[in-house]
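Written below as structure tokens is the structure these notes are about.
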Amino acid sequence: MRVLITNDDGIHAIGLRALAAAAVRAGHEVVVAAPSSEHSGYSAALIATRTEDKRIGAEPHEFDGLPDVPAYGVDASPAFIVVLALRDAFGPAPDVVLSGPNRGANAGHAVIHSGTVGAALTAAAGGISAIAVSLDVVSPLAGGSLHALSEATDEGRNWDVAAGTAVGLLDVLTGLPAGTVLNLNVPDVKAQDLKGVRRAAPAGFGQVTVTLDESGEGYLRTGMRISEERGAPGTDLGLLADGWATVTPLTSVDDDRALELPALS
């Protein structure tokens, strides 16, 4: 298959190369197009930095050990990159999209805010199946510290395990209806310590929540903290903390046919 690989941590993220390498080893035709800078939390926003003549930068990028993989750092959000890819901006449109691996789990209902997941849902809106993959660096297995979300801690993490798990799911994905999105979270453990992959329901909000730390005249100061929620058994956060990789099928935006509305005039 022709696979587009993108992310929201940017073209220089360590995990991006691991995902591209895993897809190449599996025999897929790979093209990488990722934001030129970090775009975490952009959800499915279509945002790009344009020059005075309305051009969007798309600089070629090289990955060590992957000389035959075309790659681009694009001055745009992950979802916008997917839209461009579906319009043949980086060669023929992809058959499938892999988004990630994100630094930190995208779990619970907070996935609505994730740029990693937003790229996958945008692919689905275009009729292309996708996998959003994240490496859980915050759960108790990984030390449970917000410091783990820092780029400075990326070296030595098990990006190859997250990448290999995602690419291994492509065979499952191709057997599902077009436009399917699988949200994959993988604990930051060695391959031999991964218990396996299980389907999971989303937990409550997510691992990390926004705090309002200060409110003054004309300004607000926000922060982040680790959620006190410890996912119930069978949820993505609960299974991740127990050493399982989790898969949650997500639906793109659609009307809620099950909701009955009162008579409308």
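Each chain of the structure tokens is named A, B, ... in the order shown, its residues numbered from 1; ligands are numbered from 1 in display order.
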Please identify every residue of segment 34-131 of chain A that has at least one atom no farther than 10 Å from an atom of segment 250-263 of chain A, counting only C-alpha atoms, and for each give the shortest atom pair and the distance in Å to one decimal, arranged by chain then increasing number, as a Markdown table.
| residue | atom | partner | partner_atom | distance |
| --- | --- | --- | --- | --- |
| A:Val111 | CA | A:Leu250 | CA | 9.6 |
| A:Val117 | CA | A:Leu250 | CA | 9.3 |
| A:Gly118 | CA | A:Ser252 | CA | 9.5 |
| A:Ala120 | CA | A:Ser252 | CA | 9.2 |
| A:Leu121 | CA | A:Ser252 | CA | 5.7 |
| A:Thr122 | CA | A:Ser252 | CA | 8.0 |
| A:Ala123 | CA | A:Ser252 | CA | 9.5 |
| A:Ala124 | CA | A:Ser252 | CA | 6.7 |
| A:Ala125 | CA | A:Ser252 | CA | 6.7 |
| A:Ile131 | CA | A:Leu250 | CA | 9.9 |
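Those residues that approach segment 169-176 of chain A to within 8 Å, counting only C-alpha atoms, are Ser129, Ala130, Thr165, Ala166, Thr180 and Leu182 of chain A; same-chain residues fewer than 3 positions away are not listed.
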All alpha helix (DSSP H) residues (DSSP, backbone) inside segment 2-223 of chain A, as a JSON list (two decimals) with C-alpha atoms, in the first residue's frame:
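Once written, selection.json looks like this:
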[["chain", "number", "residue", "atom", "x", "y", "z"],
["A", 14, "ILE", "CA", 12.17, 10.85, 16.82],
["A", 15, "GLY", "CA", 9.16, 8.58, 16.57],
["A", 16, "LEU", "CA", 8.34, 9.73, 13.03],
["A", 17, "ARG", "CA", 11.41, 8.04, 11.57],
["A", 18, "ALA", "CA", 10.65, 4.86, 13.54],
["A", 19, "LEU", "CA", 7.17, 4.72, 12.04],
["A", 20, "ALA", "CA", 8.45, 5.32, 8.51],
["A", 21, "ALA", "CA", 11.13, 2.64, 8.94],
["A", 22, "ALA", "CA", 8.60, 0.10, 10.22],
["A", 23, "ALA", "CA", 6.30, 0.74, 7.26],
["A", 24, "VAL", "CA", 9.20, 0.38, 4.81],
["A", 25, "ARG", "CA", 10.28, -2.91, 6.40],
["A", 78, "PRO", "CA", -1.59, 17.73, 10.52],
["A", 79, "ALA", "CA", -5.18, 17.72, 9.25],
["A", 80, "PHE", "CA", -4.33, 20.25, 6.54],
["A", 81, "ILE", "CA", -1.39, 18.07, 5.48],
["A", 82, "VAL", "CA", -3.76, 15.13, 5.06],
["A", 83, "VAL", "CA", -6.11, 17.27, 2.97],
["A", 84, "LEU", "CA", -3.17, 18.28, 0.76],
["A", 85, "ALA", "CA", -2.01, 14.66, 0.46],
["A", 115, "GLY", "CA", -3.71, 16.79, 16.26],
["A", 116, "THR", "CA", -2.60, 13.18, 15.85],
["A", 117, "VAL", "CA", -6.19, 11.93, 15.95],
["A", 118, "GLY", "CA", -7.44, 14.94, 13.98],
["A", 119, "ALA", "CA", -5.25, 13.93, 11.04],
["A", 120, "ALA", "CA", -6.68, 10.40, 11.12],
["A", 121, "LEU", "CA", -10.28, 11.63, 11.30],
["A", 122, "THR", "CA", -9.61, 13.99, 8.40],
["A", 123, "ALA", "CA", -8.40, 11.05, 6.33],
["A", 124, "ALA", "CA", -11.61, 9.20, 7.20],
["A", 125, "ALA", "CA", -13.69, 12.19, 6.06],
["A", 159, "TRP", "CA", 9.24, 4.37, 19.63],
["A", 160, "ASP", "CA", 9.99, 1.24, 17.62],
["A", 161, "VAL", "CA", 7.46, -0.75, 19.68],
["A", 162, "ALA", "CA", 4.71, 1.80, 19.01],
["A", 163, "ALA", "CA", 5.67, 1.95, 15.32],
["A", 164, "GLY", "CA", 5.77, -1.81, 14.88],
["A", 165, "THR", "CA", 2.43, -2.26, 16.61],
["A", 166, "ALA", "CA", 0.80, 0.34, 14.36],
["A", 167, "VAL", "CA", 2.20, -1.14, 11.14],
["A", 168, "GLY", "CA", 1.17, -4.60, 12.33],
["A", 170, "LEU", "CA", -2.51, -2.38, 8.85],
["A", 171, "ASP", "CA", -3.57, -5.91, 7.90],
["A", 172, "VAL", "CA", -6.52, -5.56, 10.27],
["A", 173, "LEU", "CA", -7.34, -2.09, 8.95],
["A", 174, "THR", "CA", -7.47, -3.17, 5.33]]
Report task. Kindly indicate which residue among A:Arg2, A:His12, A:Arg225, A:Arg103 lies nearest to Ala132 of chain A, using only C-alpha atoms for the distances. Result ->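 Closest candidate: A:Arg103.
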Requested in this report: May I have all residues of segment 88-209 of chain A that DSSP, computed from the backbone, assigns to strand (DSSP E), given as a PyMOL selection string?
Outcome: chain A and resi 96-103+129-136+181-187+197-199+208-209
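The spacing separating atom CA of Tyr72 of chain A from atom CA of Ala13 of chain A amounts to 12.9 Å.
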Report task. Might you pull out every residue within 6 Å of Ile128 of chain A, with only C-alpha atoms counted and same-chain residues fewer than 5 positions away left off, and present them as a list in words? Result ->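 After dropping sequence-adjacent residues, the list is Val96, Ala123, Ala178 and Gly179 of chain A.
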Prev. selection, N, CA and C atoms, output as a PDB file, in the first residue's frame:
ATOM      1  N   VAL A  96      -3.692   4.742   2.691  1.00  0.00           N
ATOM      2  CA  VAL A  96      -3.943   4.704   4.127  1.00  0.00           C
ATOM      3  C   VAL A  96      -3.053   5.754   4.786  1.00  0.00           C
ATOM      4  N   ALA A 123      -8.543  12.068   7.367  1.00  0.00           N
ATOM      5  CA  ALA A 123      -8.399  11.047   6.329  1.00  0.00           C
ATOM      6  C   ALA A 123      -9.708  10.294   6.143  1.00  0.00           C
ATOM      7  N   ALA A 178     -13.793   1.138   4.332  1.00  0.00           N
ATOM      8  CA  ALA A 178     -13.024   2.341   4.011  1.00  0.00           C
ATOM      9  C   ALA A 178     -13.463   3.484   4.925  1.00  0.00           C
ATOM     10  N   GLY A 179     -12.501   4.281   5.364  1.00  0.00           N
ATOM     11  CA  GLY A 179     -12.798   5.387   6.260  1.00  0.00           C
ATOM     12  C   GLY A 179     -12.788   5.012   7.732  1.00  0.00           C
TER      13      GLY A 179
END
